[in-house]
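Quick look at input35.txt (compact mmCIF, C-alpha atoms and all ligand atoms):
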# COMPACT_ATOMS: atom_id res chain seq x y z
CA MET A 23 0.00 0.00 0.00
CA PRO A 24 1.37 3.45 -0.78
CA ASP A 25 2.00 5.63 2.24
CA ARG A 26 1.92 8.83 0.22
CA PHE A 27 -0.54 10.21 -2.27
CA ASP A 28 -0.26 13.04 -4.70
CA LEU A 29 -2.39 15.58 -2.87
CA PRO A 30 -2.36 19.37 -3.08
CA ALA A 31 -0.50 21.53 -0.59
CA GLY A 32 -2.67 22.47 2.33
CA PHE A 33 -4.83 19.33 2.02
CA ARG A 34 -6.51 18.84 5.40
CA TRP A 35 -6.50 15.59 7.32
CA GLY A 36 -9.27 14.85 9.74
CA ALA A 37 -11.47 12.35 11.50
CA ALA A 38 -15.20 12.49 12.17
CA THR A 39 -17.70 11.51 14.87
CA ALA A 40 -21.28 12.45 15.83
CA ALA A 41 -22.79 13.43 19.17
CA TYR A 42 -25.26 10.61 19.80
CA GLN A 43 -22.74 8.03 18.64
CA ILE A 44 -20.04 8.97 21.17
CA GLU A 45 -21.12 11.41 23.88
CA GLY A 46 -23.31 9.38 26.25
CA ALA A 47 -24.36 11.50 29.27
CA VAL A 48 -27.87 11.71 27.87
CA ASP A 49 -29.39 12.88 31.16
CA GLU A 50 -26.64 15.19 32.29
CA ASP A 51 -26.41 18.95 32.65
CA GLY A 52 -29.92 19.59 31.44
CA ARG A 53 -29.82 17.77 28.09
CA GLY A 54 -33.32 17.08 26.81
CA PRO A 55 -34.33 13.78 25.19
CA SER A 56 -33.74 13.27 21.49
CA VAL A 57 -35.51 11.05 19.00
CA TRP A 58 -32.66 8.57 19.30
CA ASP A 59 -33.21 8.18 23.06
CA THR A 60 -36.85 7.40 22.37
CA PHE A 61 -36.23 5.15 19.38
CA SER A 62 -33.40 3.12 20.91
CA ALA A 63 -35.58 2.42 23.97
CA ARG A 64 -38.23 0.83 21.74
CA PRO A 65 -37.99 -2.99 21.94
CA GLY A 66 -36.59 -4.44 18.74
CA ALA A 67 -35.66 -1.09 17.19
CA VAL A 68 -31.89 -1.44 17.63
CA ARG A 69 -29.84 -4.62 17.46
CA ASP A 70 -29.51 -6.14 20.95
CA GLY A 71 -31.38 -3.18 22.43
CA HIS A 72 -28.23 -1.06 22.52
CA THR A 73 -28.67 2.64 23.26
CA GLY A 74 -26.37 5.67 23.20
CA ALA A 75 -26.93 6.38 26.90
CA VAL A 76 -23.22 5.90 27.62
CA ALA A 77 -21.73 5.24 24.15
CA CYS A 78 -18.02 6.21 24.33
CA ASP A 79 -18.59 8.47 27.36
CA HIS A 80 -16.91 11.18 25.30
CA TYR A 81 -18.83 13.83 27.26
CA HIS A 82 -16.49 13.08 30.16
CA ARG A 83 -13.52 11.63 28.31
CA TYR A 84 -13.08 14.27 25.61
CA PRO A 85 -9.63 15.33 26.87
CA GLU A 86 -8.37 11.77 26.36
CA ASP A 87 -9.96 11.68 22.91
CA ILE A 88 -8.39 14.99 21.93
CA ALA A 89 -5.01 13.63 23.07
CA LEU A 90 -5.54 10.77 20.61
CA MET A 91 -6.38 13.25 17.84
CA LYS A 92 -3.27 15.24 18.64
CA ASP A 93 -1.20 12.07 18.52
CA LEU A 94 -2.67 11.35 15.07
CA GLY A 95 -1.63 14.79 13.90
CA LEU A 96 -5.12 15.77 12.72
CA ASP A 97 -5.63 19.17 11.15
CA GLY A 98 -9.35 19.05 11.76
CA TYR A 99 -11.96 17.21 13.78
CA ARG A 100 -15.53 16.89 12.59
CA PHE A 101 -18.03 16.37 15.43
CA SER A 102 -21.68 17.19 15.86
CA ILE A 103 -23.45 19.39 18.34
CA ALA A 104 -26.41 17.84 20.12
CA TRP A 105 -29.35 20.19 19.58
CA PRO A 106 -31.10 18.83 22.74
CA ARG A 107 -28.09 19.77 24.88
CA VAL A 108 -28.29 23.37 23.71
CA LEU A 109 -32.08 23.68 23.54
CA PRO A 110 -33.55 20.80 25.57
CA THR A 111 -37.02 21.26 24.08
CA GLY A 112 -35.72 22.29 20.68
CA ALA A 113 -36.59 25.97 21.04
CA GLY A 114 -36.89 28.68 23.62
CA LYS A 115 -34.70 28.58 26.69
CA VAL A 116 -31.00 27.95 26.08
CA ASN A 117 -29.29 25.44 28.34
CA GLU A 118 -26.08 27.14 29.35
CA ALA A 119 -24.49 23.94 30.68
CA GLY A 120 -24.97 22.25 27.31
CA LEU A 121 -23.37 25.09 25.40
CA ALA A 122 -20.54 25.17 27.94
CA PHE A 123 -19.61 21.59 27.04
CA TYR A 124 -19.01 22.57 23.40
CA ASP A 125 -17.17 25.66 24.56
CA ARG A 126 -14.74 23.47 26.52
CA LEU A 127 -14.45 21.00 23.64
CA VAL A 128 -13.66 23.72 21.11
CA ASP A 129 -11.09 25.37 23.36
CA ALA A 130 -9.38 22.05 24.03
CA LEU A 131 -9.26 21.29 20.29
CA LEU A 132 -7.74 24.67 19.51
CA GLU A 133 -5.26 24.21 22.31
CA ALA A 134 -4.21 20.93 20.60
CA GLY A 135 -3.84 22.74 17.26
CA ILE A 136 -6.91 21.06 15.74
CA THR A 137 -9.54 23.02 13.81
CA PRO A 138 -13.08 22.17 14.95
CA LEU A 139 -15.55 21.37 12.15
CA PRO A 140 -18.99 21.14 13.77
CA THR A 141 -22.12 19.64 12.26
CA LEU A 142 -25.26 21.25 13.64
CA PHE A 143 -27.60 18.33 12.99
CA HIS A 144 -26.51 14.70 12.92
CA TRP A 145 -29.94 13.10 13.45
CA ASP A 146 -30.56 13.69 17.19
CA LEU A 147 -33.63 15.92 16.92
CA PRO A 148 -35.04 17.10 20.26
CA GLN A 149 -37.97 14.80 21.06
CA ALA A 150 -40.14 17.83 21.84
CA LEU A 151 -39.88 18.86 18.18
CA GLU A 152 -40.65 15.34 17.01
CA ASP A 153 -43.79 15.53 19.15
CA GLU A 154 -44.81 18.48 16.93
CA GLY A 155 -44.15 16.50 13.73
CA GLY A 156 -40.35 16.66 13.56
CA TRP A 157 -39.02 17.30 10.06
CA LEU A 158 -42.49 16.74 8.62
CA ASN A 159 -43.39 20.05 10.22
CA ARG A 160 -42.16 23.13 8.35
CA ASP A 161 -41.68 24.97 11.65
CA THR A 162 -38.76 22.69 12.49
CA ALA A 163 -36.74 24.43 9.76
CA TYR A 164 -37.23 27.77 11.53
CA ARG A 165 -36.39 26.25 14.91
CA PHE A 166 -33.17 24.90 13.36
CA ALA A 167 -32.21 28.34 12.13
CA GLU A 168 -32.71 29.76 15.64
CA TYR A 169 -30.63 26.95 17.14
CA ALA A 170 -27.88 27.55 14.55
CA SER A 171 -27.78 31.23 15.55
CA VAL A 172 -27.50 30.42 19.25
CA VAL A 173 -24.57 28.09 18.67
CA ALA A 174 -22.83 30.34 16.14
CA ASP A 175 -23.12 33.33 18.47
CA ARG A 176 -21.34 31.34 21.14
CA LEU A 177 -18.68 29.50 19.11
CA GLY A 178 -18.41 31.44 15.84
CA ASP A 179 -15.50 33.50 17.14
CA ARG A 180 -13.37 30.33 17.08
CA ILE A 181 -14.82 28.18 14.28
CA PRO A 182 -14.54 29.34 10.67
CA THR A 183 -16.55 26.64 8.87
CA TRP A 184 -19.84 24.99 9.79
CA ILE A 185 -21.73 22.00 8.46
CA THR A 186 -25.48 22.45 8.73
CA LEU A 187 -26.84 18.92 8.22
CA ASN A 188 -25.50 15.42 8.00
CA GLU A 189 -26.90 13.23 5.24
CA PRO A 190 -30.48 14.42 4.85
CA PHE A 191 -30.96 11.50 2.41
CA VAL A 192 -30.14 8.85 5.02
CA HIS A 193 -32.11 10.65 7.74
CA THR A 194 -35.16 10.98 5.50
CA VAL A 195 -35.12 7.47 4.08
CA PHE A 196 -34.15 5.49 7.17
CA GLY A 197 -35.88 7.75 9.69
CA TYR A 198 -39.07 8.73 7.87
CA ALA A 199 -39.58 6.38 4.89
CA LEU A 200 -38.45 2.96 6.14
CA GLY A 201 -38.48 3.40 9.91
CA THR A 202 -35.16 1.68 10.57
CA HIS A 203 -33.72 4.79 12.24
CA ALA A 204 -35.26 7.34 14.60
CA PRO A 205 -37.89 8.66 14.59
CA GLY A 206 -39.09 5.41 13.01
CA HIS A 207 -41.77 6.53 10.53
CA THR A 208 -42.70 4.27 7.61
CA LEU A 209 -44.08 6.80 5.16
CA MET A 210 -42.27 5.61 2.02
CA PHE A 211 -42.25 8.48 -0.52
CA GLU A 212 -44.58 10.55 1.60
CA ALA A 213 -41.52 11.01 3.81
CA LEU A 214 -40.08 13.47 1.30
CA PRO A 215 -41.50 16.63 2.91
CA ALA A 216 -38.98 15.82 5.68
CA ALA A 217 -36.25 16.15 3.06
CA HIS A 218 -37.56 19.50 1.86
CA HIS A 219 -37.83 20.87 5.39
CA GLN A 220 -34.25 19.82 6.14
CA LEU A 221 -33.03 21.56 2.99
CA LEU A 222 -35.06 24.63 3.93
CA ALA A 223 -33.46 24.49 7.39
CA HIS A 224 -30.06 24.33 5.72
CA GLY A 225 -30.83 27.41 3.60
CA LEU A 226 -32.22 29.47 6.48
CA ALA A 227 -29.26 28.60 8.73
CA ALA A 228 -26.75 29.17 5.92
CA SER A 229 -27.97 32.76 5.54
CA LEU A 230 -27.63 33.41 9.26
CA LEU A 231 -24.17 31.85 9.39
CA HIS A 232 -23.05 33.91 6.40
CA GLU A 233 -24.34 37.07 8.10
CA ARG A 234 -21.89 36.22 10.86
CA GLY A 235 -19.01 35.87 8.39
CA LEU A 236 -18.90 32.08 8.70
CA GLU A 237 -18.45 29.50 5.93
CA VAL A 238 -21.11 26.88 5.36
CA MET A 239 -21.02 23.32 4.12
CA LEU A 240 -23.64 20.58 3.79
CA SER A 241 -22.60 16.92 4.19
CA ASN A 242 -24.42 14.69 1.76
CA ASN A 243 -24.23 10.94 1.44
CA LEU A 244 -23.72 10.48 -2.29
CA THR A 245 -23.34 7.31 -4.30
CA PRO A 246 -22.53 6.62 -7.94
CA VAL A 247 -25.55 4.79 -9.35
CA TRP A 248 -24.77 1.98 -11.74
CA PRO A 249 -27.46 0.49 -14.00
CA ALA A 250 -27.38 -3.32 -13.70
CA SER A 251 -27.25 -3.72 -17.49
CA SER A 252 -27.28 -1.67 -20.67
CA SER A 253 -31.06 -2.10 -21.02
CA PRO A 254 -33.11 1.12 -21.22
CA GLU A 255 -35.28 -0.18 -18.33
CA ASP A 256 -32.30 -0.53 -16.01
CA ALA A 257 -30.98 2.86 -17.12
CA ALA A 258 -34.34 4.49 -16.34
CA ALA A 259 -34.48 2.84 -12.91
CA ALA A 260 -30.93 4.01 -12.20
CA ALA A 261 -31.80 7.59 -13.16
CA THR A 262 -34.81 7.46 -10.84
CA TYR A 263 -32.70 6.21 -7.96
CA ASP A 264 -30.02 8.82 -8.70
CA ALA A 265 -32.65 11.56 -8.45
CA LEU A 266 -33.80 10.26 -5.07
CA HIS A 267 -30.44 9.54 -3.44
CA ASN A 268 -28.21 12.21 -4.93
CA ARG A 269 -29.88 14.95 -6.93
CA LEU A 270 -32.79 15.60 -4.57
CA PHE A 271 -30.24 16.76 -1.97
CA THR A 272 -27.71 18.50 -4.19
CA ASP A 273 -29.62 20.09 -7.10
CA PRO A 274 -31.70 22.50 -4.97
CA VAL A 275 -28.62 23.68 -3.09
CA LEU A 276 -26.33 24.05 -6.11
CA LEU A 277 -28.83 24.79 -8.90
CA GLY A 278 -31.88 26.16 -7.11
CA ARG A 279 -34.34 23.56 -8.37
CA TYR A 280 -35.47 20.05 -7.59
CA PRO A 281 -34.86 17.20 -10.03
CA ASP A 282 -37.86 15.59 -11.72
CA LEU A 283 -39.32 13.21 -9.14
CA SER A 284 -42.35 12.15 -11.16
CA ALA A 285 -41.03 8.59 -11.68
CA LEU A 286 -41.28 8.22 -7.89
CA GLY A 287 -44.89 9.41 -7.95
CA VAL A 288 -43.81 12.56 -6.13
CA PRO A 289 -45.40 15.83 -7.32
CA ASP A 290 -43.25 18.90 -8.06
CA ASP A 291 -44.27 20.57 -4.83
CA ILE A 292 -43.35 17.43 -2.84
CA PHE A 293 -46.87 16.81 -1.50
CA GLY A 294 -47.45 20.50 -0.86
CA ALA A 295 -44.28 21.02 1.19
CA VAL A 296 -42.53 23.33 -1.29
CA GLN A 297 -43.88 26.87 -1.00
CA PRO A 298 -43.16 29.70 -3.46
CA GLY A 299 -39.67 31.07 -2.86
CA ASP A 300 -38.40 28.02 -0.98
CA THR A 301 -35.89 26.89 -3.58
CA ASP A 302 -34.42 30.41 -3.55
CA LEU A 303 -34.08 30.23 0.23
CA ILE A 304 -32.20 26.96 -0.20
CA HIS A 305 -30.03 28.08 -3.11
CA THR A 306 -29.34 31.79 -2.66
CA PRO A 307 -27.07 31.61 0.40
CA GLY A 308 -24.64 29.50 -1.66
CA LEU A 309 -22.39 26.78 -0.38
CA ASP A 310 -18.74 27.38 0.51
CA GLY A 311 -17.97 23.69 0.37
CA LEU A 312 -19.78 20.45 -0.35
CA GLY A 313 -19.22 17.79 2.29
CA LEU A 314 -19.15 14.36 0.70
CA ASN A 315 -19.76 11.23 2.74
CA TYR A 316 -18.82 8.30 0.54
CA TYR A 317 -19.03 4.60 1.38
CA ASN A 318 -20.07 2.60 -1.68
CA PRO A 319 -21.68 2.64 -5.12
CA THR A 320 -25.25 1.43 -5.73
CA ARG A 321 -26.34 -0.92 -8.51
CA VAL A 322 -29.88 -0.54 -9.73
CA ALA A 323 -32.15 -2.64 -11.94
CA ALA A 324 -35.65 -2.16 -13.34
CA PRO A 325 -38.34 -2.86 -10.73
CA SER A 326 -39.38 -6.43 -10.11
CA SER A 327 -42.52 -5.43 -8.19
CA PRO A 328 -44.93 -2.50 -8.36
CA ASP A 329 -43.90 -1.32 -4.86
CA LEU A 330 -40.84 0.66 -5.92
CA PRO A 331 -39.71 2.12 -9.27
CA PHE A 332 -36.28 0.46 -8.93
CA ASP A 333 -34.58 -2.61 -7.48
CA LEU A 334 -31.30 -2.33 -5.56
CA VAL A 335 -29.16 -5.28 -6.58
CA ALA A 336 -25.88 -6.75 -5.38
CA ILE A 337 -22.54 -5.79 -6.88
CA PRO A 338 -20.85 -9.07 -7.74
CA ASP A 339 -17.17 -9.91 -7.49
CA VAL A 340 -16.07 -7.18 -5.11
CA PRO A 341 -15.04 -7.45 -1.45
CA HIS A 342 -17.55 -6.42 1.20
CA THR A 343 -17.01 -4.79 4.61
CA ALA A 344 -18.10 -6.33 7.93
CA PHE A 345 -21.33 -4.35 7.44
CA GLY A 346 -21.81 -6.02 4.04
CA TRP A 347 -21.13 -2.85 2.07
CA PRO A 348 -19.37 -3.33 -1.29
CA VAL A 349 -15.82 -1.97 -1.50
CA VAL A 350 -15.22 -0.17 -4.81
CA PRO A 351 -12.61 2.56 -4.40
CA ASP A 352 -12.72 3.70 -8.02
CA ALA A 353 -16.39 4.53 -7.53
CA LEU A 354 -15.24 7.47 -5.39
CA ARG A 355 -13.21 8.79 -8.32
CA GLN A 356 -16.19 8.26 -10.62
CA LEU A 357 -18.48 10.07 -8.20
CA LEU A 358 -16.18 13.07 -7.97
CA ILE A 359 -15.71 13.29 -11.73
CA GLY A 360 -19.47 12.91 -12.20
CA LEU A 361 -20.19 15.76 -9.78
CA ARG A 362 -17.86 18.06 -11.65
CA GLU A 363 -19.40 17.11 -14.98
CA LEU A 364 -22.94 17.56 -13.71
CA TYR A 365 -22.52 20.81 -11.78
CA GLY A 366 -19.56 22.49 -13.49
CA ASN A 367 -18.88 25.91 -12.03
CA ALA A 368 -21.78 25.53 -9.61
CA LEU A 369 -19.81 22.88 -7.74
CA PRO A 370 -17.96 24.37 -4.74
CA PRO A 371 -14.74 22.84 -3.37
CA ILE A 372 -15.36 19.40 -1.91
CA THR A 373 -14.29 18.02 1.45
CA ILE A 374 -14.66 14.31 2.13
CA THR A 375 -16.47 14.54 5.47
CA GLU A 376 -16.84 10.76 5.94
CA ASN A 377 -15.21 7.67 4.47
CA GLY A 378 -14.24 4.44 6.18
CA CYS A 379 -15.42 0.92 6.88
CA SER A 380 -16.45 -1.38 9.67
CA VAL A 381 -14.15 -4.28 10.43
CA GLU A 382 -14.87 -7.26 12.70
CA GLU A 383 -13.50 -6.76 16.20
CA THR A 384 -11.64 -10.05 15.90
CA THR A 385 -9.71 -8.92 12.81
CA ASP A 386 -6.38 -7.95 14.29
CA PRO A 387 -4.55 -6.03 12.96
CA ASP A 388 -7.35 -4.27 11.12
CA ARG A 389 -5.75 -4.66 7.72
CA PRO A 390 -9.05 -4.36 5.79
CA ARG A 391 -9.46 -0.83 7.15
CA ILE A 392 -5.96 0.20 6.10
CA ASP A 393 -6.63 -1.24 2.63
CA TYR A 394 -9.99 0.53 2.44
CA LEU A 395 -8.55 3.91 3.42
CA ALA A 396 -5.47 3.62 1.22
CA THR A 397 -7.36 2.55 -1.90
CA HIS A 398 -9.95 5.30 -1.42
CA LEU A 399 -7.27 7.93 -0.89
CA ASP A 400 -5.64 6.69 -4.07
CA ALA A 401 -8.94 7.11 -5.95
CA LEU A 402 -9.30 10.56 -4.40
CA ALA A 403 -5.81 11.58 -5.50
CA GLN A 404 -6.66 10.44 -9.04
CA ALA A 405 -9.83 12.54 -9.08
CA ILE A 406 -7.81 15.55 -7.92
CA ALA A 407 -5.26 14.87 -10.65
CA GLU A 408 -8.19 14.86 -13.09
CA GLY A 409 -9.11 18.34 -11.89
CA VAL A 410 -11.66 17.96 -9.09
CA ASP A 411 -11.11 20.44 -6.25
CA VAL A 412 -11.01 18.39 -3.03
CA ARG A 413 -9.63 20.15 0.02
CA GLY A 414 -9.62 17.57 2.79
CA TYR A 415 -10.42 14.08 4.03
CA TYR A 416 -12.14 13.24 7.32
CA THR A 417 -12.18 9.54 7.96
CA TRP A 418 -15.14 7.89 9.65
CA SER A 419 -14.40 7.36 12.47
CA LEU A 420 -11.98 8.34 15.19
CA LEU A 421 -13.50 5.85 17.66
CA ASP A 422 -15.54 2.69 17.53
CA ASN A 423 -18.98 4.01 18.41
CA TYR A 424 -22.74 3.56 18.45
CA GLU A 425 -23.65 2.65 14.90
CA TRP A 426 -27.35 3.58 15.02
CA ALA A 427 -29.65 0.58 14.37
CA GLU A 428 -26.64 -1.74 14.54
CA GLY A 429 -25.84 -0.68 18.11
CA PHE A 430 -22.20 -1.29 19.00
CA HIS A 431 -21.79 -4.04 16.43
CA GLN A 432 -20.14 -2.19 13.56
CA ARG A 433 -16.69 -0.93 14.42
CA PHE A 434 -15.56 1.95 12.21
CA GLY A 435 -12.88 3.37 14.54
CA LEU A 436 -9.17 3.95 14.17
CA VAL A 437 -9.30 3.45 17.93
CA HIS A 438 -10.83 0.37 19.52
CA VAL A 439 -13.22 1.11 22.36
CA ASP A 440 -14.05 -1.49 25.00
CA PHE A 441 -17.61 -0.46 25.77
CA GLU A 442 -17.49 -2.18 29.20
CA THR A 443 -14.40 -0.38 30.49
CA GLN A 444 -14.23 2.58 28.05
CA ARG A 445 -10.60 1.69 27.43
CA ARG A 446 -9.31 3.17 24.18
CA THR A 447 -6.71 1.19 22.21
CA PRO A 448 -5.36 2.58 18.93
CA LYS A 449 -5.55 0.03 16.10
CA ALA A 450 -3.01 -0.64 13.36
CA SER A 451 -4.97 1.77 11.14
CA PHE A 452 -4.35 4.53 13.69
CA ALA A 453 -0.57 4.16 13.34
CA TRP A 454 -0.94 3.91 9.56
CA TYR A 455 -3.02 7.12 9.38
CA ARG A 456 -0.63 8.95 11.70
CA ASN A 457 2.34 8.00 9.50
CA LEU A 458 0.42 8.99 6.39
CA ILE A 459 -0.43 12.43 7.77
CA ALA A 460 3.18 12.94 8.88
CA ALA A 461 4.48 11.87 5.45
CA HIS A 462 2.29 14.49 3.76
CA ARG A 463 3.58 17.21 6.06
CA ARG A 464 7.20 16.70 5.13
C1 LIG B 501 -23.06 7.55 7.86
C2 LIG B 501 -23.40 8.36 9.09
C3 LIG B 501 -22.46 8.15 10.24
C4 LIG B 501 -22.06 6.70 10.38
C5 LIG B 501 -21.57 6.16 9.07
C6 LIG B 501 -21.09 4.73 9.13
O1 LIG B 501 -24.20 7.37 7.09
O2 LIG B 501 -23.40 9.74 8.78
O3 LIG B 501 -23.08 8.65 11.40
O4 LIG B 501 -23.12 5.98 10.87
O5 LIG B 501 -22.58 6.26 8.10
In structure tokens, how does this file's structure come out?
Amino acid sequence: MPDRFDLPAGFRWGAATAAYQIEGAVDEDGRGPSVWDTFSARPGAVRDGHTGAVACDHYHRYPEDIALMKDLGLDGYRFSIAWPRVLPTGAGKVNEAGLAFYDRLVDALLEAGITPLPTLFHWDLPQALEDEGGWLNRDTAYRFAEYASVVADRLGDRIPTWITLNEPFVHTVFGYALGTHAPGHTLMFEALPAAHHQLLAHGLAASLLHERGLEVMLSNNLTPVWPASSSPEDAAAAATYDALHNRLFTDPVLLGRYPDLSALGVPDDIFGAVQPGDTDLIHTPGLDGLGLNYYNPTRVAAPSSPDLPFDLVAIPDVPHTAFGWPVVPDALRQLLIGLRELYGNALPPITITENGCSVEETTDPDRPRIDYLATHLDALAQAIAEGVDVRGYYTWSLLDNYEWAEGFHQRFGLVHVDFETQRRTPKASFAWYRNLIAAHRR
């Protein structure tokens, strides 16, 4: 495996986490309940009934975790801010103790020479807002903008760049369409107003962040969509899936319009959610950077039943991660090239805000992770050589953590966490990443 890639000067190296996946301390210092507290308590919702009540206990152990980041030599650390710590009921009275935690975290990061890259929403909506309809309710977008202002007013003096949302596609589809994530709705395509309201929230918050002189990114989960064959039916199904997974979340932000969703049976106004002027609110603030979370490509065939306008089919002859996700590094290069071709000058600089894989705990050393990271960085370097502007790479994840519906079963960390003792043990991939970062500094 190469230990050096041809990357531009100033390329930023990072690692990523999210609040509910690592913090624990769900009842401390005035934090309100989130949809994930409610969902994970529901019998059968999460594998083995695991919850994020303790997770990696990062709320108390953040100094130790920052020492690990410093040892890695990270330029940046992507984390998320728990909305219910800052505003326990989602709106109204600010919880000073919750904000103070992020104040301490940010100061400790800066002290270690690491730039904080916060995400304002990584799926842990305050339960009080869910009780009012959550992201199906347009008001939630306005509550998000208020929350963004509160946090930016407190931390904006020390943090230049902000990510509004994490993966609105995954949150909408798993949380509102299929019900496999919190808040657990099973609305199928009628979930899509939740997507529009998240994008509206992004736009409203982006304007307020820009007013404060801050840069704004949005982290989307994007996937290259491969038709299963050269048949026109498979090509049409692939285009439909591409509109749902990718373009629905990127076109409005970069182009100011939604893609055609008619093949999904979704009307232009997304079941009445889109009001006049909304796409301007989403588009006009502009995006200073596109956050790209990349894990795998998706292969799509013509539908085999009337339930969905596409079938998702296996990708043969490629390795798969412990999670069962196909490993196709060149698909990252294809995705980046495709984005540049599709959006041209409307495409802002890209930062990879997540990329990594889960490896069985018993695989020691975690060679598959090193191979995954190295081959994807190689694909990334090729895309950059082909002219795509990519500024940084944040691997998912610093620590083994709470992997949503999979509980603690999928281990994505560079650092092993024993969830009984909270002992942190850097893996072979940690040393590999540290050497890689150091090699690129020389
Ligand atoms: C992404 C999520 C992140 C983590 C990784 C494995 O979809 O943003 O929280 O779960 O997948």
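Those residues that approach range 396-402 of chain A to within 9 Å, counting all atoms listed in the file, are Met23, Pro24, Asp25, Arg26, Phe27, Asp28, Leu29, Val350, Pro351, Asp352, Ala353, Leu354, Arg355, Gln356, Leu358, Asn377, Gly378, Val412 and Tyr415 of chain A; same-chain residues fewer than 6 positions away are not listed.
If you look at CA of Tyr124 in chain A and CA of Thr272 in chain A, they are 29.2 Å away from each other.
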Neighbouring residues of Leu276 in chain A were defined as those with any atom within 12 Å, considering all atoms listed in the file; residues of the same chain fewer than 4 positions away were excluded. Please report them as a PyMOL selection string.
chain A and resi 221+225+239-240+269-272+280-281+301-312+361-362+364-371
Around ligand LIG 501 (chain B), at most 10 Å away and counting all atoms listed in the file, which residues are there? Put them as a PyMOL selection string, please.
chain A and resi 38-43+102+144-145+187-193+241-244+315-317+345+375-380+418-419+423-428+432-435
Which neighbours of range 216-220 of chain A fall inside 8 Å, counting only C-alpha atoms, when residues of the same chain fewer than 4 positions from it are skipped, and could you give them as a PyMOL selection string?
chain A and resi 157-160+162-163+187+190-191+194+198+224+271+292+295-296
The selected residues should be written to file as a short mmCIF file (atom, residue, chain, number, x, y, z; two decimals), in the coordinates of the input (atoms: C-alpha atoms).
data_model
loop_
_atom_site.label_atom_id
_atom_site.label_comp_id
_atom_site.auth_asym_id
_atom_site.auth_seq_id
_atom_site.Cartn_x
_atom_site.Cartn_y
_atom_site.Cartn_z
CA TRP A 157 -39.02 17.30 10.06
CA LEU A 158 -42.49 16.74 8.62
CA ASN A 159 -43.39 20.05 10.22
CA ARG A 160 -42.16 23.13 8.35
CA THR A 162 -38.76 22.69 12.49
CA ALA A 163 -36.74 24.43 9.76
CA LEU A 187 -26.84 18.92 8.22
CA PRO A 190 -30.48 14.42 4.85
CA PHE A 191 -30.96 11.50 2.41
CA THR A 194 -35.16 10.98 5.50
CA TYR A 198 -39.07 8.73 7.87
CA HIS A 224 -30.06 24.33 5.72
CA PHE A 271 -30.24 16.76 -1.97
CA ILE A 292 -43.35 17.43 -2.84
CA ALA A 295 -44.28 21.02 1.19
CA VAL A 296 -42.53 23.33 -1.29
#
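In this model, the gap between CA of Pro254 in chain A and CA of Pro331 in chain A comes to 13.7 Å.
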Work out how far CA of Leu357 in chain A is from CA of Gly409 in chain A, in Å to one decimal.
13.0 Å
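Residue neighbourhood of Phe293 in chain A, excluding near-sequence residues (fewer than 3 positions): Leu158, Phe211, Glu212, Ala213, Leu214, Pro215, Ala216, Ala217, His218, Leu283, Ser284, Gly287, Val288, Pro289, Asp290, Val296 and Gln297 of chain A, at 12 Å, using only C-alpha atoms.
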Is it possible to get the axis-aligned box enclosing range 133-147 of chain A (all listed atoms, 6 Å extra per side) as AutoDock Vina command-line options, with centre and edge lengths in Å rounded to one decimal?
--center_x -18.7 --center_y 18.7 --center_z 17.2 --size_x 41.8 --size_y 23.1 --size_z 22.2
Answer as an MDAnalysis selection string, residues within 12 Å of (-32.3, 6.4, -6.6) using only C-alpha atoms:
chainID A and resid 191 195 211 244:249 256:271 281:283 285:286 319:325 330:334
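Across A:Cys78, A:Ala134, A:Leu94, A:Ala227, the tightest approach to Arg445 in chain A is made by A:Cys78 when counting all atoms listed in the file.
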List as CSV every residue of range 86-106 of chain A that is in contact with range 165-186 of chain A, defined as an atom at most 12 Å from one of its atoms (using all atoms listed in the file), together with the nearest atom pair and the distance in Å rounded to one decimal, sorted by chain and then rising number.
residue,atom,partner,partner_atom,distance
A:Gly98,CA,A:Thr183,CA,10.9
A:Tyr99,CA,A:Ile181,CA,11.3
A:Arg100,CA,A:Ile185,CA,9.0
A:Phe101,CA,A:Ile185,CA,9.7
A:Ser102,CA,A:Ile185,CA,8.8
A:Ile103,CA,A:Val173,CA,8.8
A:Ala104,CA,A:Tyr169,CA,10.5
A:Trp105,CA,A:Tyr169,CA,7.3
A:Pro106,CA,A:Tyr169,CA,9.9
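Here the question is which of A:Ile406, A:Ile359, A:Leu96, A:Val275 gets nearest to Leu458 in chain A using only C-alpha atoms, and that residue is A:Leu96.
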Distance criterion (only C-alpha atoms): nearest to Arg389 in chain A out of A:Leu436, A:Asp273, A:Gly112, A:Val410:
A:Leu436
